[in-house]
Each structure stands twice: as structure tokens, then as C-alpha cells.
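Printed here is input15.csv (CSV, C-alpha atoms and all ligand atoms):
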chain,number,residue,atom,x,y,z
A,1,MET,CA,0.0,0.0,0.0
A,2,ASP,CA,1.5,3.4,-0.8
A,3,ARG,CA,1.8,6.4,1.6
A,4,ASN,CA,-1.1,8.2,-0.1
A,5,ALA,CA,-3.4,5.2,0.6
A,6,ASN,CA,-2.5,5.3,4.2
A,7,ILE,CA,-3.5,8.9,4.9
A,8,SER,CA,-6.7,8.2,2.9
A,9,ASP,CA,-7.7,5.1,4.7
A,10,PRO,CA,-10.1,5.2,7.6
A,11,PRO,CA,-8.5,4.0,10.9
A,12,PHE,CA,-10.3,0.7,11.0
A,13,GLU,CA,-7.8,-1.3,13.1
A,14,GLU,CA,-7.4,1.4,15.8
A,15,THR,CA,-11.1,2.2,16.1
A,16,TYR,CA,-12.3,-1.3,16.3
A,17,LYS,CA,-9.3,-2.8,18.2
A,18,ASN,CA,-11.5,-3.9,21.1
A,19,LEU,CA,-13.7,-5.9,18.7
A,20,PHE,CA,-10.7,-7.7,17.3
A,21,LEU,CA,-9.4,-8.3,20.8
A,22,LYS,CA,-12.8,-9.7,21.9
A,23,HIS,CA,-12.6,-12.2,19.0
A,24,ASN,CA,-9.0,-13.0,19.9
A,25,ILE,CA,-7.7,-11.5,16.6
A,26,THR,CA,-4.4,-9.7,17.0
A,27,PRO,CA,-2.4,-7.9,14.3
A,28,LEU,CA,-0.2,-11.0,14.0
A,29,THR,CA,-3.1,-13.4,13.6
A,30,THR,CA,-2.6,-15.4,10.4
A,31,THR,CA,-5.2,-14.7,7.7
A,32,THR,CA,-4.9,-18.2,6.2
A,33,THR,CA,-7.7,-19.5,8.4
A,34,THR,CA,-10.9,-19.6,6.4
A,35,THR,CA,-14.4,-18.8,7.4
A,36,THR,CA,-17.6,-18.9,5.6
A,37,THR,CA,-16.8,-15.6,3.9
A,38,THR,CA,-14.0,-17.2,1.8
A,39,ALA,CA,-14.7,-20.9,1.8
A,40,THR,CA,-16.6,-23.0,-0.7
A,41,ILE,CA,-18.8,-20.2,-2.2
A,42,GLU,CA,-20.2,-21.1,-5.6
A,43,VAL,CA,-19.6,-18.6,-8.4
A,44,ARG,CA,-22.6,-18.4,-10.6
A,45,ASP,CA,-23.6,-16.2,-13.4
A,46,LEU,CA,-26.6,-14.0,-12.7
A,47,PRO,CA,-29.4,-13.9,-15.3
A,48,LEU,CA,-28.0,-11.7,-18.1
A,49,ILE,CA,-30.5,-9.6,-19.9
A,50,ASP,CA,-29.8,-7.8,-23.2
A,51,LEU,CA,-31.8,-4.6,-23.0
A,52,SER,CA,-31.4,-3.9,-26.8
A,53,ARG,CA,-34.3,-6.4,-27.1
A,54,LEU,CA,-36.6,-3.7,-25.5
A,55,VAL,CA,-36.4,-1.7,-28.8
A,56,ALA,CA,-36.6,-4.8,-31.1
A,57,THR,CA,-38.9,-4.4,-34.1
A,58,ALA,CA,-40.7,-7.6,-33.2
A,59,ALA,CA,-43.2,-6.9,-30.4
A,60,LYS,CA,-42.8,-10.5,-29.2
A,61,GLU,CA,-39.1,-9.9,-28.6
A,62,ARG,CA,-39.8,-6.7,-26.6
A,63,GLU,CA,-42.4,-8.6,-24.5
A,64,ASN,CA,-40.0,-11.5,-23.9
A,65,CYS,CA,-37.4,-9.1,-22.6
A,66,LYS,CA,-39.8,-7.6,-20.1
A,67,ARG,CA,-40.9,-11.1,-19.0
A,68,ASP,CA,-37.2,-12.0,-18.4
A,69,ILE,CA,-36.8,-8.9,-16.2
A,70,ALA,CA,-39.8,-9.7,-14.2
A,71,ASN,CA,-38.9,-13.4,-13.8
A,72,ALA,CA,-35.3,-12.6,-12.7
A,73,SER,CA,-36.8,-10.1,-10.1
A,74,ARG,CA,-39.1,-12.9,-8.8
A,75,GLU,CA,-36.6,-15.7,-8.8
A,76,TRP,CA,-33.3,-14.0,-8.0
A,77,GLY,CA,-34.1,-10.4,-7.0
A,78,PHE,CA,-30.8,-9.7,-8.9
A,79,PHE,CA,-29.8,-9.7,-12.6
A,80,GLN,CA,-27.3,-8.1,-15.0
A,81,VAL,CA,-28.1,-6.0,-17.9
A,82,VAL,CA,-26.0,-5.4,-21.1
A,83,ASN,CA,-26.7,-2.8,-23.8
A,84,HIS,CA,-28.1,-0.7,-21.0
A,85,GLY,CA,-27.5,2.6,-22.7
A,86,ILE,CA,-24.9,4.0,-20.2
A,87,PRO,CA,-21.8,4.8,-22.4
A,88,HIS,CA,-18.7,3.0,-21.4
A,89,ARG,CA,-16.7,6.2,-21.2
A,90,MET,CA,-19.2,7.6,-18.7
A,91,LEU,CA,-18.7,4.6,-16.4
A,92,GLU,CA,-14.9,5.0,-16.7
A,93,GLU,CA,-15.2,8.7,-16.0
A,94,MET,CA,-17.3,8.1,-12.9
A,95,ASN,CA,-14.8,5.5,-11.7
A,96,LYS,CA,-11.9,7.9,-12.2
A,97,GLU,CA,-13.5,10.8,-10.3
A,98,GLN,CA,-14.6,8.4,-7.5
A,99,VAL,CA,-11.0,7.1,-7.1
A,100,LYS,CA,-9.7,10.7,-6.9
A,101,VAL,CA,-12.2,11.7,-4.2
A,102,PHE,CA,-11.4,8.6,-2.1
A,103,ARG,CA,-7.7,9.4,-2.4
A,104,GLU,CA,-8.2,12.6,-0.4
A,105,PRO,CA,-6.9,12.4,3.2
A,106,PHE,CA,-9.3,10.8,5.6
A,107,ASN,CA,-9.4,13.9,7.8
A,108,LYS,CA,-10.7,15.9,4.9
A,109,LYS,CA,-13.3,13.3,3.9
A,110,LYS,CA,-14.7,13.1,7.4
A,111,GLY,CA,-14.4,16.9,7.9
A,112,ASP,CA,-17.5,19.0,8.6
A,113,ASN,CA,-17.6,20.6,5.2
A,114,CYS,CA,-16.3,17.5,3.4
A,115,MET,CA,-13.9,19.2,0.9
A,116,ASN,CA,-16.4,21.9,0.2
A,117,LEU,CA,-18.6,19.5,-1.6
A,118,ARG,CA,-21.7,20.9,0.2
A,119,LEU,CA,-23.0,17.4,0.9
A,120,SER,CA,-25.6,16.8,3.7
A,121,PRO,CA,-24.0,15.9,7.0
A,122,GLY,CA,-23.3,12.2,7.3
A,123,SER,CA,-22.8,11.6,3.6
A,124,TYR,CA,-19.3,10.3,4.2
A,125,ARG,CA,-19.5,7.0,6.1
A,126,TRP,CA,-17.0,4.4,7.0
A,127,GLY,CA,-16.9,1.2,9.0
A,128,SER,CA,-20.1,0.5,10.9
A,129,PRO,CA,-21.9,2.8,13.4
A,130,THR,CA,-22.3,0.4,16.3
A,131,PRO,CA,-21.0,-3.1,15.6
A,132,ASN,CA,-21.5,-5.5,18.5
A,133,CYS,CA,-19.3,-8.2,16.9
A,134,LEU,CA,-17.0,-8.6,13.9
A,135,SER,CA,-19.8,-9.8,11.7
A,136,GLN,CA,-21.4,-6.4,12.0
A,137,LEU,CA,-18.3,-4.5,10.9
A,138,SER,CA,-18.0,-3.3,7.3
A,139,TRP,CA,-14.4,-2.7,6.1
A,140,SER,CA,-15.3,0.0,3.6
A,141,GLU,CA,-16.0,3.7,3.2
A,142,ALA,CA,-18.7,5.4,1.2
A,143,PHE,CA,-20.2,8.7,0.0
A,144,HIS,CA,-23.9,8.2,0.3
A,145,ILE,CA,-25.2,11.2,-1.5
A,146,PRO,CA,-28.8,12.5,-1.7
A,147,MET,CA,-29.3,13.5,-5.3
A,148,ASN,CA,-31.0,16.6,-4.0
A,149,ASP,CA,-27.5,17.8,-2.9
A,150,ILE,CA,-26.3,17.4,-6.5
A,151,CYS,CA,-29.5,18.4,-8.4
A,152,SER,CA,-30.1,21.6,-6.5
A,153,ASN,CA,-29.4,24.7,-8.6
A,154,ALA,CA,-27.6,26.6,-5.9
A,155,PRO,CA,-24.3,28.0,-7.2
A,156,ARG,CA,-21.4,26.0,-6.0
A,157,ASN,CA,-18.0,27.0,-5.2
A,158,ILE,CA,-17.1,23.4,-5.2
A,159,ALA,CA,-13.6,22.1,-4.7
A,160,ASN,CA,-12.2,25.5,-3.9
A,161,GLY,CA,-9.5,25.1,-6.6
A,162,ASN,CA,-8.8,21.5,-5.6
A,163,PRO,CA,-8.2,19.8,-9.0
A,164,ASN,CA,-8.7,16.4,-7.5
A,165,ILE,CA,-12.4,16.9,-7.0
A,166,SER,CA,-13.3,19.8,-9.4
A,167,ASN,CA,-15.0,17.5,-11.9
A,168,LEU,CA,-16.8,15.3,-9.4
A,169,CYS,CA,-20.0,17.1,-9.3
A,170,SER,CA,-20.6,17.4,-13.0
A,171,THR,CA,-19.6,13.8,-13.5
A,172,VAL,CA,-22.0,12.6,-10.8
A,173,LYS,CA,-24.7,14.7,-12.2
A,174,GLN,CA,-24.3,13.3,-15.8
A,175,PHE,CA,-23.9,9.8,-14.5
A,176,ALA,CA,-27.0,10.0,-12.2
A,177,THR,CA,-29.2,11.6,-14.9
A,178,THR,CA,-28.4,8.7,-17.4
A,179,VAL,CA,-28.7,6.0,-14.8
A,180,SER,CA,-32.0,7.4,-13.5
A,181,GLU,CA,-33.5,6.9,-16.9
A,182,LEU,CA,-32.5,3.3,-16.9
A,183,ALA,CA,-33.8,2.8,-13.3
A,184,ASN,CA,-37.2,4.3,-14.2
A,185,LYS,CA,-37.4,2.2,-17.3
A,186,LEU,CA,-36.8,-1.0,-15.4
A,187,ALA,CA,-39.1,-0.1,-12.6
A,188,ASN,CA,-41.9,0.8,-15.0
A,189,ILE,CA,-41.5,-2.6,-16.6
A,190,LEU,CA,-41.8,-4.3,-13.2
A,191,VAL,CA,-45.0,-2.3,-12.4
A,192,GLU,CA,-46.4,-3.2,-15.8
A,193,LYS,CA,-45.6,-6.9,-15.5
A,194,LEU,CA,-47.6,-7.1,-12.2
A,195,GLY,CA,-50.6,-6.3,-14.3
A,196,HIS,CA,-51.0,-3.1,-12.3
A,197,ASP,CA,-52.8,-0.3,-14.2
A,198,GLU,CA,-51.2,2.6,-12.3
A,199,LEU,CA,-48.5,2.9,-14.9
A,200,THR,CA,-47.4,6.3,-13.6
A,201,PHE,CA,-46.8,4.9,-10.1
A,202,ILE,CA,-43.0,5.2,-10.2
A,203,GLU,CA,-43.1,8.8,-11.6
A,204,GLU,CA,-45.5,9.8,-8.9
A,205,LYS,CA,-43.4,8.5,-6.1
A,206,CYS,CA,-39.8,9.1,-7.3
A,207,SER,CA,-38.0,12.0,-9.0
A,208,PRO,CA,-34.3,12.2,-9.9
A,209,ASN,CA,-33.7,14.3,-6.7
A,210,THR,CA,-35.3,11.9,-4.3
A,211,CYS,CA,-32.8,9.2,-5.3
A,212,TYR,CA,-29.4,8.5,-3.8
A,213,LEU,CA,-26.0,7.8,-5.3
A,214,ARG,CA,-23.5,5.8,-3.2
A,215,MET,CA,-19.8,5.6,-4.1
A,216,ASN,CA,-18.2,2.7,-2.3
A,217,ARG,CA,-14.5,2.0,-1.7
A,218,TYR,CA,-13.3,-1.3,-0.1
A,219,PRO,CA,-9.7,-0.9,1.0
A,220,PRO,CA,-7.4,-4.0,1.1
A,221,CYS,CA,-8.2,-5.7,4.4
A,222,PRO,CA,-5.4,-7.6,6.3
A,223,LYS,CA,-8.1,-9.4,8.3
A,224,TYR,CA,-10.1,-10.4,5.3
A,225,SER,CA,-11.0,-13.9,6.7
A,226,HIS,CA,-12.7,-12.3,9.7
A,227,VAL,CA,-14.3,-9.2,8.4
A,228,LEU,CA,-16.6,-8.3,5.5
A,229,GLY,CA,-16.2,-5.4,3.1
A,230,LEU,CA,-19.9,-4.7,3.5
A,231,MET,CA,-22.1,-6.6,6.0
A,232,PRO,CA,-25.1,-8.5,4.8
A,233,HIS,CA,-28.1,-6.2,4.0
A,234,THR,CA,-31.0,-5.6,1.7
A,235,ASP,CA,-31.3,-2.3,0.0
A,236,SER,CA,-34.1,0.0,1.3
A,237,ASP,CA,-35.1,1.4,-2.1
A,238,PHE,CA,-37.3,0.3,-5.1
A,239,LEU,CA,-34.3,-0.9,-7.1
A,240,THR,CA,-30.6,-0.4,-7.3
A,241,ILE,CA,-28.3,-0.2,-10.3
A,242,LEU,CA,-24.7,-1.1,-9.5
A,243,TYR,CA,-21.5,-0.5,-11.4
A,244,GLN,CA,-18.6,-2.5,-10.0
A,245,ASP,CA,-15.0,-2.8,-11.0
A,246,GLN,CA,-13.3,-6.1,-12.0
A,247,VAL,CA,-12.0,-7.0,-8.5
A,248,GLY,CA,-15.1,-9.0,-7.4
A,249,GLY,CA,-16.4,-9.7,-3.9
A,250,LEU,CA,-20.2,-9.2,-4.2
A,251,GLN,CA,-22.2,-12.1,-3.0
A,252,LEU,CA,-25.9,-12.7,-2.7
A,253,VAL,CA,-28.2,-15.3,-1.2
A,254,LYS,CA,-29.8,-17.7,-3.7
A,255,ASP,CA,-31.9,-20.7,-2.5
A,256,GLY,CA,-30.5,-20.3,1.0
A,257,ARG,CA,-26.8,-20.3,0.0
A,258,TRP,CA,-24.3,-17.5,-0.6
A,259,ILE,CA,-23.1,-17.2,-4.2
A,260,SER,CA,-20.5,-15.0,-5.7
A,261,VAL,CA,-21.1,-12.7,-8.6
A,262,LYS,CA,-18.5,-12.8,-11.4
A,263,PRO,CA,-17.7,-9.3,-12.6
A,264,ASN,CA,-18.7,-8.6,-16.2
A,265,PRO,CA,-17.1,-5.5,-17.6
A,266,GLU,CA,-20.0,-4.9,-20.0
A,267,ALA,CA,-22.8,-5.4,-17.5
A,268,LEU,CA,-24.5,-3.4,-14.8
A,269,ILE,CA,-26.1,-5.2,-11.9
A,270,VAL,CA,-29.7,-4.6,-10.9
A,271,ASN,CA,-31.3,-5.6,-7.6
A,272,ILE,CA,-34.7,-5.3,-6.2
A,273,GLY,CA,-35.0,-3.3,-2.9
A,274,ASP,CA,-37.3,-3.5,0.0
A,275,LEU,CA,-39.9,-1.0,-1.3
A,276,PHE,CA,-40.5,-3.1,-4.4
A,277,GLN,CA,-40.8,-6.2,-2.3
A,278,ALA,CA,-43.4,-4.5,-0.1
A,279,TRP,CA,-45.3,-2.9,-2.9
A,280,SER,CA,-45.4,-6.1,-5.0
A,281,ASN,CA,-46.6,-8.0,-1.8
A,282,GLY,CA,-43.5,-10.2,-1.9
A,283,VAL,CA,-43.6,-11.1,-5.6
A,284,TYR,CA,-40.3,-9.3,-6.4
A,285,LYS,CA,-37.5,-10.3,-4.0
A,286,SER,CA,-35.3,-7.9,-2.0
A,287,VAL,CA,-32.4,-10.3,-1.5
A,288,VAL,CA,-29.7,-10.2,1.1
A,289,HIS,CA,-26.2,-9.4,-0.3
A,290,ARG,CA,-22.8,-8.6,1.1
A,291,VAL,CA,-19.2,-7.8,-0.1
A,292,VAL,CA,-16.3,-9.9,1.0
A,293,ALA,CA,-13.0,-8.2,1.9
A,294,ASN,CA,-9.9,-8.7,-0.2
A,295,PRO,CA,-6.4,-8.9,1.3
A,296,ARG,CA,-4.6,-7.3,-1.7
A,297,PHE,CA,-6.8,-5.3,-3.9
A,298,GLU,CA,-9.0,-2.3,-3.2
A,299,ARG,CA,-12.3,-2.3,-4.9
A,300,PHE,CA,-14.8,0.4,-6.0
A,301,SER,CA,-18.4,0.3,-6.8
A,302,THR,CA,-21.1,2.9,-7.5
A,303,ALA,CA,-24.8,2.3,-6.6
A,304,TYR,CA,-27.8,4.3,-7.7
A,305,PHE,CA,-30.8,3.8,-5.4
A,306,LEU,CA,-34.2,4.5,-6.9
A,307,CYS,CA,-36.0,6.1,-3.9
A,308,PRO,CA,-39.2,8.0,-3.4
A,309,SER,CA,-39.5,11.1,-1.2
A,310,GLY,CA,-39.7,10.6,2.6
A,311,ASP,CA,-43.4,11.3,2.8
A,312,ALA,CA,-44.3,8.7,0.0
A,313,VAL,CA,-46.5,6.0,1.4
A,314,ILE,CA,-45.8,2.4,0.4
A,315,GLN,CA,-48.8,0.1,0.4
A,316,SER,CA,-49.0,-3.2,-1.3
A,317,TYR,CA,-50.7,-3.1,-4.8
A,318,ARG,CA,-53.1,-5.7,-3.7
A,319,GLU,CA,-55.0,-7.2,-0.8
A,320,PRO,CA,-54.5,-9.0,1.5
A,321,SER,CA,-51.3,-7.1,2.2
A,322,MET,CA,-48.3,-8.9,3.7
A,323,TYR,CA,-47.0,-5.6,5.1
A,324,ARG,CA,-48.6,-2.7,6.9
A,325,LYS,CA,-48.4,0.5,5.0
A,326,PHE,CA,-45.5,2.9,5.9
A,327,SER,CA,-43.9,6.0,4.6
A,328,PHE,CA,-40.4,5.8,3.2
A,329,GLY,CA,-39.3,8.3,5.9
A,330,GLU,CA,-40.6,6.0,8.6
A,331,TYR,CA,-38.9,3.0,7.1
A,332,ARG,CA,-35.6,4.8,6.9
A,333,GLN,CA,-35.9,6.0,10.5
A,334,GLN,CA,-36.7,2.4,11.7
A,335,VAL,CA,-33.6,1.1,9.8
A,336,GLN,CA,-31.4,3.7,11.4
A,337,GLN,CA,-32.8,3.0,14.9
A,338,ASP,CA,-32.3,-0.7,14.5
A,339,VAL,CA,-28.7,-0.3,13.2
A,340,ARG,CA,-28.0,1.9,16.3
A,341,GLU,CA,-29.7,-0.5,18.7
A,342,PHE,CA,-28.8,-3.9,17.3
A,343,GLY,CA,-25.8,-3.2,15.1
A,344,HIS,CA,-27.7,-4.3,12.0
A,345,LYS,CA,-30.7,-3.6,9.9
A,346,ILE,CA,-33.9,-5.6,10.5
A,347,GLY,CA,-35.8,-4.3,7.5
A,348,LEU,CA,-39.1,-5.3,6.1
A,349,SER,CA,-39.9,-8.1,8.6
A,350,ARG,CA,-40.6,-5.3,11.1
A,351,PHE,CA,-43.6,-4.3,9.0
A,352,LEU,CA,-45.1,-7.8,8.4
A,353,ILE,CA,-48.8,-8.2,9.2
A,354,CYS,CA,-49.2,-11.4,11.2
A,355,ASN,CA,-52.5,-12.8,9.9
B,401,LIG,C1,-24.9,-0.6,9.1
B,401,LIG,C2,-25.7,-0.5,8.1
B,401,LIG,C3,-26.0,0.7,7.3
B,401,LIG,C4,-26.8,0.3,6.2
B,401,LIG,C5,-27.7,-0.8,6.8
B,401,LIG,C6,-26.6,-1.6,7.5
B,401,LIG,O1,-27.1,-2.5,8.5
B,401,LIG,C7,-25.8,-2.5,6.5
B,401,LIG,C8,-25.6,-1.8,5.2
B,401,LIG,C9,-26.0,-0.3,5.1
B,401,LIG,C10,-26.8,-0.1,3.8
B,401,LIG,C11,-26.0,-0.3,2.5
B,401,LIG,C12,-26.9,0.0,1.4
B,401,LIG,C13,-27.8,1.2,1.5
B,401,LIG,O2,-26.9,2.3,1.3
B,401,LIG,C14,-28.4,1.3,3.0
B,401,LIG,C15,-29.3,2.5,3.1
B,401,LIG,C16,-29.0,0.0,3.3
B,401,LIG,O3,-30.1,-0.3,3.1
B,401,LIG,O4,-28.0,-0.9,3.8
B,401,LIG,C17,-27.3,1.3,4.0
B,401,LIG,C18,-27.7,1.3,5.5
B,401,LIG,C19,-27.4,2.7,5.9
B,401,LIG,O5,-26.4,3.3,5.5
B,401,LIG,O6,-28.2,3.2,6.8
B,402,LIG,O1,-20.2,-2.9,-3.7
B,402,LIG,C1,-21.0,-3.7,-4.0
B,402,LIG,O2,-20.8,-4.6,-4.9
B,402,LIG,C2,-22.4,-3.7,-3.4
B,402,LIG,C3,-22.7,-2.4,-2.7
B,402,LIG,C4,-24.0,-2.4,-2.0
B,402,LIG,O3,-24.6,-3.5,-1.8
B,402,LIG,C5,-24.6,-1.2,-1.7
B,402,LIG,O4,-24.0,-0.1,-1.8
B,402,LIG,O5,-25.8,-1.2,-1.2
B,403,FE,FE,-26.7,-3.1,-1.3
Starting from the file, give its structure as C-alpha cells.
Ligand SMILES: C=C1C[C@]23C[C@@]1(O)CC[C@H]2[C@@]12CC[C@H](O)[C@@](C)(C(=O)O1)[C@H]2[C@@H]3C(=O)O
Ligand SMILES: O=C(O)CCC(=O)C(=O)O
Ligand SMILES: [Fe+2]
Amino acid sequence: MDRNANISDPPFEETYKNLFLKHNITPLTTTTTTTTTTATIEVRDLPLIDLSRLVATAAKERENCKRDIANASREWGFFQVVNHGIPHRMLEEMNKEQVKVFREPFNKKKGDNCMNLRLSPGSYRWGSPTPNCLSQLSWSEAFHIPMNDICSNAPRNIANGNPNISNLCSTVKQFATTVSELANKLANILVEKLGHDELTFIEEKCSPNTCYLRMNRYPPCPKYSHVLGLMPHTDSDFLTILYQDQVGGLQLVKDGRWISVKPNPEALIVNIGDLFQAWSNGVYKSVVHRVVANPRFERFSTAYFLCPSGDAVIQSYREPSMYRKFSFGEYRQQVQQDVREFGHKIGLSRFLICN
């Protein structure tokens, strides 16, 4: 690791040293012992959907593509898309800007005005807020950015002459605008395939500035066999579009077993979030996923979360409903409270109606 990476990295070992001690893991502990995070995990290809079929001349082909999207969302809750309409150079540019901003010194990233980026407080996150044990610790850092911070028209004196981050805002804006079109397109297909007639549902609940963009960085982790890059969770949104580099590490639960996702440079990953699971009454699956840590390579990913406004009410599209109705604001608050109290998210099961 170079000197630059050191001043950029969050102080994981120091901050969580008591957790490591509690688990009898010292700096000298060998990392060759394997745990479930590294051992015998199947690598499987996710369903791969070619979105150019959505504009095929034959109506049957267009319908088959929509059917494949809905089936993958029911059976896997996860799929990959190619020919998705996001230009390769835009993905590269996003990655380049993201790498630069994470290379800034840790003290600047965590600082109150976060390099003059004018982000909402708490946008820069690292580690886990209140881990009770090592399995609740995430060896990663993230900028979790409300698109409202980026979309607002307020003049910005961003970067204050810092060439490392001067392009970040415009790159994020362009990237998010393009990805938001894709997210809406996929979400509308999922609404349509449920046979729901409220085809403007997504547009009514979500707008580009109610969404979130999350830039993730997973630094190399000397304790990779004991710690995860990102602890198991489901996403709290309608759906997520993820761009990952080629390092790998994303895993998801399929048929009760963890499987690894093989990176595909041409593909974006799409996953269903809790709000779609609730609204579809359990038809589309919000699946638990995690990122394993890597001893040698750092990893980057960018996630776009299709979210409604805080006051949007989510109620199942048909009766009898599995979940009680809730607002997105209420849901988020409950997640944060559970994370503080128990060290992890409880999620949708909190809202189940026991019939
Ligand atoms: C500690 C946590 C914060 C988080 C919920 C979790 O228990 C585990 C992962 C985190 C994550 C990652 C994806 C989304 O950004 C998020 C909103 C979610 O649903 O799970 C966050 C949660 C958060 O940052 O509050
Ligand atoms: O980095 C990844 O591959 C997954 C990130 C993720 O799950 C998230 O940001 O919600
Ligand atoms: Fe996630």
C-alpha cells in the first residue's frame, strides 16, 4: 500500500481494536484460516438480460425481454443488464472521479464541510456505526449522496481550486441523470408486469432528486478472513443499479446459499430493494447481499438507489397485504434506529402483518 493510501484510509484497526481483541484476533493473527466468507462459495452467473431487445422491431421480442426482467426479479431479486445505454466512457469517468475523491486524506473526507462538496451531514460513512461483533463490521468507506445535494441549482464554489475533485459534481450529475432513466425504465416494466394499471406509479413516487448515489470503496483488508467489506443487508429502495470494477467480492443469497457474482465489464447489476418487495406484496424479492473483503486489492463500486420522497406512502398493490403501509421516511428511520440499537438492519420483517 502506498503512503497516499495510508492517509486516505479510515482508521479501522485502531477504532475497532476492542472488537478484534474480543474475538482474539491480534495484528499477528494469520489470515490463512478460512471462514464462511472465503470458503466454498459457488460462483454463478446472474441472469443476463440484453436490453437492446426492448427496442426490437418484433413486439414479441420486446415482451420476452420484459418477461425475463420480471422473472429474474421474482426468482433471483438480482440480474445483470447489457446494452443498457450507459456509455462505457461515462462509467470510466465516474470511476476515475470516484477514485480521486477517495484518495483525499481521511481527515478531509470526514471533515464538517467535506472538501467543500456541500453534501448533507453524514454523507461520508466508514466502518459501521455500532458493531457488537466482527460480523457487524464493514471494512469500507462510502459517500452516500442524496441526489438533492447534486441536483439543486444553488451555485457551487465546489472544490475550492482542488483539481482532485473539481470534476466530481458534474460527472456525478451526468452519470445519475443517465442511470436514473434506466432505473425508471426497469421499474416501470416491473410495475407493468404485475398487471398493475397505475403505470405512472414510479413517476408519482420518485423523482431524480429523491434518489441516492453511493460511491463505495473497499480498502485492502489484512483481516479479510474475519471481516466483511460490507455486511449482509438488503437495500431500502425500489431498485438499485450497481456498477462494479473487476475485482469482485459481491455475494448474494440464492436458495439459502451464498453465491459470488463474477464481474462482467459490459454489465450493470440490478437488484430489487425492500420497497418493491413491499409494494409487490412479496412477488419481487429484495435479496440479502454482502461484499467480502480482499487482502490485496482495493475495490470500487457505484450504486444508484431509486428512492421516493420521505413522505411517499408504500402500500401493497393488492390485498391481503403482507406488510402494513408505511412511509419511506418512517422506514428509513426504523432502519437507522435498528442499526443503532442492534448493530444491523432488521428491515421489512418489522412491517409484516401477522394474519
Ligand atoms: C450498518 C448498516 C448501514 C446500512 C444498513 C446496515 O445494517 C448495513 C448496510 C448499510 C446499507 C448499505 C446500502 C444502503 O446504502 C443502505 C441505506 C441500506 O439499506 O443498507 C445502507 C444502510 C445505511 O447506511 O443506513
Ligand atoms: O459494492 C457492491 O458490490 C455492493 C454495494 C451495495 O450493496 C450497496 O451499496 O448497497
Ligand atoms: Fe446493497
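Between ligand FE 403 (chain B) and the candidates A:Ala312, A:Ala303, A:Leu190, A:Leu54, the tightest atom-to-atom separation, counting only C-alpha atoms and all ligand atoms, involves A:Ala303.
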Closest contacts (chain A/ligand LIG 402 (chain B), max 10 Å, all atoms listed in the file) as CSV:
residue,atom,partner,partner_atom,distance
A:Ser140,CA,B:LIG402,O1,9.3
A:Ala142,CA,B:LIG402,O4,8.2
A:Phe143,CA,B:LIG402,O4,9.8
A:His144,CA,B:LIG402,O4,8.6
A:Leu213,CA,B:LIG402,O4,8.9
A:Arg214,CA,B:LIG402,O4,6.1
A:Met215,CA,B:LIG402,O4,7.4
A:Asn216,CA,B:LIG402,O1,6.1
A:Arg217,CA,B:LIG402,O1,7.8
A:Tyr218,CA,B:LIG402,O1,7.9
A:Gly229,CA,B:LIG402,O1,8.3
A:Leu230,CA,B:LIG402,C3,7.2
A:Met231,CA,B:LIG402,O3,8.8
A:Pro232,CA,B:LIG402,O3,8.3
A:His233,CA,B:LIG402,O3,7.3
A:Thr234,CA,B:LIG402,O5,7.4
A:Asp235,CA,B:LIG402,O5,5.7
A:Ser236,CA,B:LIG402,O5,8.8
A:Asp237,CA,B:LIG402,O5,9.7
A:Thr240,CA,B:LIG402,O5,7.8
A:Ile241,CA,B:LIG402,C5,9.4
A:Leu242,CA,B:LIG402,O2,7.0
A:Tyr243,CA,B:LIG402,O2,7.7
A:Gln244,CA,B:LIG402,O2,5.9
A:Asp245,CA,B:LIG402,O2,8.6
A:Val247,CA,B:LIG402,O2,9.8
A:Gly248,CA,B:LIG402,O2,7.6
A:Gly249,CA,B:LIG402,O2,6.8
A:Leu250,CA,B:LIG402,O2,4.7
A:Gln251,CA,B:LIG402,O2,7.9
A:Leu252,CA,B:LIG402,O3,9.3
A:Val261,CA,B:LIG402,O2,8.9
A:Pro263,CA,B:LIG402,O2,9.5
A:Ile269,CA,B:LIG402,O2,8.8
A:Asn271,CA,B:LIG402,O3,9.1
A:Gly273,CA,B:LIG402,O5,9.6
A:Val288,CA,B:LIG402,O3,8.9
A:His289,CA,B:LIG402,O3,6.3
A:Arg290,CA,B:LIG402,O3,6.1
A:Val291,CA,B:LIG402,C1,5.9
A:Val292,CA,B:LIG402,O2,9.1
A:Arg299,CA,B:LIG402,O1,8.0
A:Phe300,CA,B:LIG402,O1,6.7
A:Ser301,CA,B:LIG402,O1,4.8
A:Thr302,CA,B:LIG402,O1,7.0
A:Ala303,CA,B:LIG402,O4,5.4
A:Tyr304,CA,B:LIG402,O4,8.3
A:Phe305,CA,B:LIG402,O5,8.2
Ref. answer, residues at most 8 Å from (-36.9, -4.7, 5.5) with all atoms listed in the file, as number ranges by chain: A: 234, 236, 274, 335, 345-351
Nearest candidate to Glu97 (chain A) (options A:Val172, A:Val179, A:Val191, A:Ile353; using only C-alpha atoms): A:Val172
Using 7 Å as the limit and counting all atoms listed in the file, can you tabulate each residue of region 199-279 of chain A that touches region 74-95 of chain A, with its shortest atom-to-atom distance in Å and the two atoms involved, as JSON lines?
{"residue": "A:Lys254", "atom": "CA", "partner": "A:Trp76", "partner_atom": "CA", "distance": 6.7}
{"residue": "A:Glu266", "atom": "CA", "partner": "A:Val82", "partner_atom": "CA", "distance": 6.1}
{"residue": "A:Ala267", "atom": "CA", "partner": "A:Val82", "partner_atom": "CA", "distance": 4.8}
{"residue": "A:Leu268", "atom": "CA", "partner": "A:Val81", "partner_atom": "CA", "distance": 5.4}
{"residue": "A:Ile269", "atom": "CA", "partner": "A:Gln80", "partner_atom": "CA", "distance": 4.4}
{"residue": "A:Val270", "atom": "CA", "partner": "A:Phe79", "partner_atom": "CA", "distance": 5.4}
{"residue": "A:Asn271", "atom": "CA", "partner": "A:Phe78", "partner_atom": "CA", "distance": 4.3}
{"residue": "A:Ile272", "atom": "CA", "partner": "A:Gly77", "partner_atom": "CA", "distance": 5.2}
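The space between CA of Asn71 (chain A) and CA of Tyr284 (chain A) spans 8.6 Å.
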Separation of CA of Leu186 (chain A) from CA of Arg44 (chain A), in Å and rounded to one decimal: 23.0 Å
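Pairwise distance (CA of Asp338 (chain A), CA of Val253 (chain A)) equals 21.8 Å.
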Step by step, gather every atom of ligand LIG 401 (chain B) that the file lists, find the box along x, y and z that holds them, add 8 Å on each side, and finally give centre and edge lengths in Å to one decimal, as AutoDock Vina command-line options.
--center_x -27.5 --center_y 0.4 --center_z 5.2 --size_x 21.2 --size_y 21.8 --size_z 23.8
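Residue neighbourhood of Val339 (chain A), excluding near-sequence residues (fewer than 2 positions): Ser128, Pro129, Thr130, Pro131, Asn132, Gln136, Leu137, Met231, His233, Arg332, Gln333, Gln334, Val335, Gln336, Gln337, Glu341, Phe342, Gly343, His344, Lys345, Ile346 and Gly347 of chain A, at 12 Å, using only C-alpha atoms.
Every protein, DNA or RNA residue with an atom at most 12 Å from Leu168 (chain A), where all atoms listed in the file count and chain neighbours fewer than 6 positions away do not, is listed here: Glu93, Met94, Asn95, Lys96, Glu97, Gln98, Val99, Lys100, Val101, Phe102, Met115, Asn116, Leu117, Phe143, Ile150, Ile158, Ala159, Asn162, Gln174, Phe175, Ala176 and Met215 of chain A.
Ranking A:Phe238, A:Phe297, A:Trp279, A:Tyr331 by their shortest atom-to-atom distance to ligand FE 403 (chain B), with all atoms listed in the file included, puts A:Phe238 first.
Minimum distance to Thr200 (chain A) across A:Asn184, A:Ser52, A:Ser321, A:Gln315 (counting only C-alpha atoms) occurs at A:Asn184.
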